[in-house]
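Undergrad: Before anything else, here's the structure in question.
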Amino acid sequence: MNLKKLLFNTSLLFLSVLGFSQNFNVQELGKAKLINVSGGASANSVFYSGNASREPFSYFLNGNININVAGLYNLPFSFSYTNQKLGYGKPVLMNRLSIHPSYKWITGHIGDVSMTFSPYTLSGHQFSGVGVDLTPQGNFKISAMYGRLLKSSEYNIAYPDIVPTYKRLGYGFKTSYAFEKINLGVTFFKAKDEAGSLSTPFPFELGVAPKDNAAVSIESSFKLLKKLQVFAEYANSSITEDLRVDDNGKGKSLSSFFINKNSTTTSYDAFKGQLTYPAGKGTLGIGYERIDPNYRTLGGYYFNNDLENITVNATQNIVKDKVSLALNLGLQKDNLDKQKQSQMKRVVSSFTADFRPNDKLNLNINYSNFQSYTNSRNQFDYINQVSDYDYLDTLNFRQVNQNAALNINYLIKNDKQLKKAINANFSMQDAVNQQQGRTIEGGASIYYNSGIAYTVGYPEKDLNFTGSINNTYGKTDSGKNIIIGPTIGASKLFFEKKLTTNASTSYNTTYNNGEKQNDIFNFRLNGSYIYLQNHNFNMGVIALFSNSSTQKNNDITATLAYTYSFDKIRMRPKREPIPENQEKTVSAPVLKINFKNQQFEGTREEIITQLKKTQLTLPLLPTAEKDNLEHLITLATLTSDDKELKEKTLDYLEAFAAEKDNSEKYTSYLAETTQKLEKELYQKDEGLENAYVTTLGRVNSHPLHNVNEADIADKTNYNSYLKLVERSENSRNQLKYHRWMLREMAVLSKIPANEIQQNENAAEFSRQNIEAVFKLIKDKKNATEIVDAIETKMIPFYHDLAVKNASNDEIDLKYIPK
């Protein structure tokens, strides 16, 4: 295929795609396969028998195919079919387009893209334009961008809630240089609205005005006293809120020299500093961050502001590295300019200790304390207060949450024939909400969870048995609750570990204020079989039997699923047949390549095949990382001699090891997030139920409840009743969605991290969000930041699922006497 024809076909396909983002290396433009096809299909069915209002049988089919053309862009197709409706996705006319060509150390960004220079300047705002990253070997790096951040949108009186926008253009750059002892970086960002881009008049009350903004950031990192690592960043942003104001403004800040100033011009500062010092076998760190109230730029969708944050963290290994200690302290407050009516202060502390005296015993202790204070008036109000009923509308709120956990693992025996282990855990969650120094009604709760488990394994037989007993004790204003019960389970691998089977049964009893509430017995059976790496068969049965003083429930749910996936189908240009008189080539030489503890041996083709098989062990990767590994294998296949093949193979294995480590970190962070979210949902559960019961009680006790509308003469009172009904329905829905999410998190939090992707919803969440989380991992963000970021994305994802799947039958009033 000649170059003209390739460019013509590429142009046609560009115009037919809905919107895509592609990375490709110009150096490999002519080397990539013409068409690569990948995808998969699955079929799932659910059988149900029980008291809930669910379909007795449901099924759904789905599949996806991705066609990669010339290594430049993708054409994704997908379909789904259930016993309710048919849906499919296909490329249609172009809406958004982004291309990221690269050549050696130059990477371009063309189309609808986003870039981040710093958290205080350009921070992830999408723009339509061009950008570039230059990362040559050496100490100098630079990034730059130019484009339209917002397009103009006229005011439409038919849709008054849609706010008009001015056309906004922006440009900026970030550059850094690493000197011998110090690193310096400078960031500049400028954005300005076109005042004449709107022609339709709009109401003044909308507060829409053309703006002008410039932001400058200076950062540096260096070492003091050979060991003390110092990082500091200062940012300044100036904004003219209304370019139409015709007067002169004053500005002395650095960024104000780059904008049109008038009386609406204001400037804001932000500073962040971090000191890290290696002490003994650990580190000591101190951080400080201060962001002015209303700090923002036009290069981001959201900015933290009006906060002062002080953090202290320390880690240390002692007793010949058998004990690891970690301490974190933080203090944050707002209302820096004393203009708000109230001020919020937060104190966060956590401590973790890990004791590992030998290979058999491991003991872990952690404690965290979160306190927040809100005060809205000065102390003279208290001095002048003459009765307990003065200033009842004044807020003096204090919230304290404490969490403590102890986990002990002891390996009784560990050899090839037999493994025995025992695990004991205990956790405490204490929450107190106070106002005016007194605990508010329903504002105190404490929960204790404990459990002990015994595991026996036979490695040579791939057989494991587990027995455990768990207990939960909770104390709230409404009473005391106890849940206790045993669980036993077994797992076994068959047919060379291709068939995985699990079976478990448990029995739980619940008591409220000493009175027995219900008994729950459940049985679970699961099986999974992998055939030829591409075919996966799954079957599961869950039987749940509950018995209370008011009702009995018998639920049986069975699932059957089949999944087929294929990685690549390559369509290569047709090869010319070898002439019969041509000599046959001799057998290819056998090569050996060692990498860490791995050895690859065979011909060139066999080694390439072995490398491709390693990719199948990492299905959980963002598209860019998968494409990069595929690209490195392609480079290996194109080598001309054995020496170069070894070099390219080692390049691939280095990248593969890094991505494997990132993938394992992701699954670990995801599992940690589900556990954190389960605790938070559990803490809110009683409050949401109480809110629903309160609104429901108001409806039931209203004089017009169950009264025919035609018999009601007082319409005003009836409208008031309807509002109570609406509030009750909203509270019911909120509790319903909350309970569905809580059950999902309870299931996920108990799944081992390396198996969590077998959960359908968790796998779909990963497909949508893994790219963003991988970026945080590669940016060396700490575990807390990453877990918080995953939780921020997980809450709306599972809430949407709850809206689709939760039913009213799932509401069980657990905290009221029955």
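Ligands are numbered from 1 in the order shown, chains are lettered A, B, ... in the order of the structure tokens, and residues start at 1 in each chain.
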Identify, on the basis of only C-alpha atoms, every residue whose closest approach to Asp321 (chain A) does not exceed 10 Å; exclude the query and any residue fewer than 5 positions from it along the same chain; express the result as a list in words.
TA: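 In the requested format, the answer is Lys281, Gln316, Phe355, Arg356 and Pro357 of chain A.
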Undergrad: Apply DSSP to the backbone of this structure and, from region 45-224 of chain A, keep only the residues in strand (DSSP E); write these as a VMD selection string.
TA: chain A and resid 45 to 49 57 to 69 73 to 82 86 to 89 96 to 103 106 to 116 123 to 134 140 to 150 168 to 178 182 to 193 212 to 224
Undergrad: Can you build me a table of region 266-299 of chain A residues sitting at most 12 Å from region 205-222 of chain A, with the closest atom pair per residue and its distance in Å to one decimal, using only C-alpha atoms, sorted by chain and residue number, as CSV?
TA:
residue,atom,partner,partner_atom,distance
A:Thr266,CA,A:Asn213,CA,9.8
A:Ser267,CA,A:Ala215,CA,9.5
A:Tyr268,CA,A:Ala215,CA,9.4
A:Asp269,CA,A:Ala215,CA,9.7
A:Ala270,CA,A:Ser217,CA,9.0
A:Phe271,CA,A:Ser217,CA,9.5
A:Lys272,CA,A:Glu219,CA,9.3
A:Gly273,CA,A:Glu219,CA,9.5
A:Gln274,CA,A:Ser221,CA,9.4
A:Leu275,CA,A:Ser221,CA,9.9
A:Thr276,CA,A:Phe222,CA,10.8
A:Tyr295,CA,A:Ala215,CA,10.6
A:Arg296,CA,A:Ala215,CA,9.1
A:Thr297,CA,A:Asn213,CA,6.6
A:Leu298,CA,A:Asn213,CA,6.6
A:Gly299,CA,A:Ala215,CA,9.0
Undergrad: Using only C-alpha atoms, can you tell me which of A:Asn522, A:Gln683, A:Asn502, A:Ser123 comes closest to Gln429 (chain A)?
TA: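 Using only C-alpha atoms, the shortest distance to Gln429 (chain A) belongs to A:Gln683.
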Undergrad: One decimal, in Å: what's the spacing between CA of Asn51 (chain A) and CA of Lys736 (chain A)?
TA: 17.3 Å
Undergrad: Using only C-alpha atoms, pick whichever of A:Asn481, A:Ser663, A:Asn304, A:Asn547 has the shortest atom-to-atom distance to Glu625 (chain A).
TA: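 Of all the options, A:Ser663 lies closest to Glu625 (chain A).
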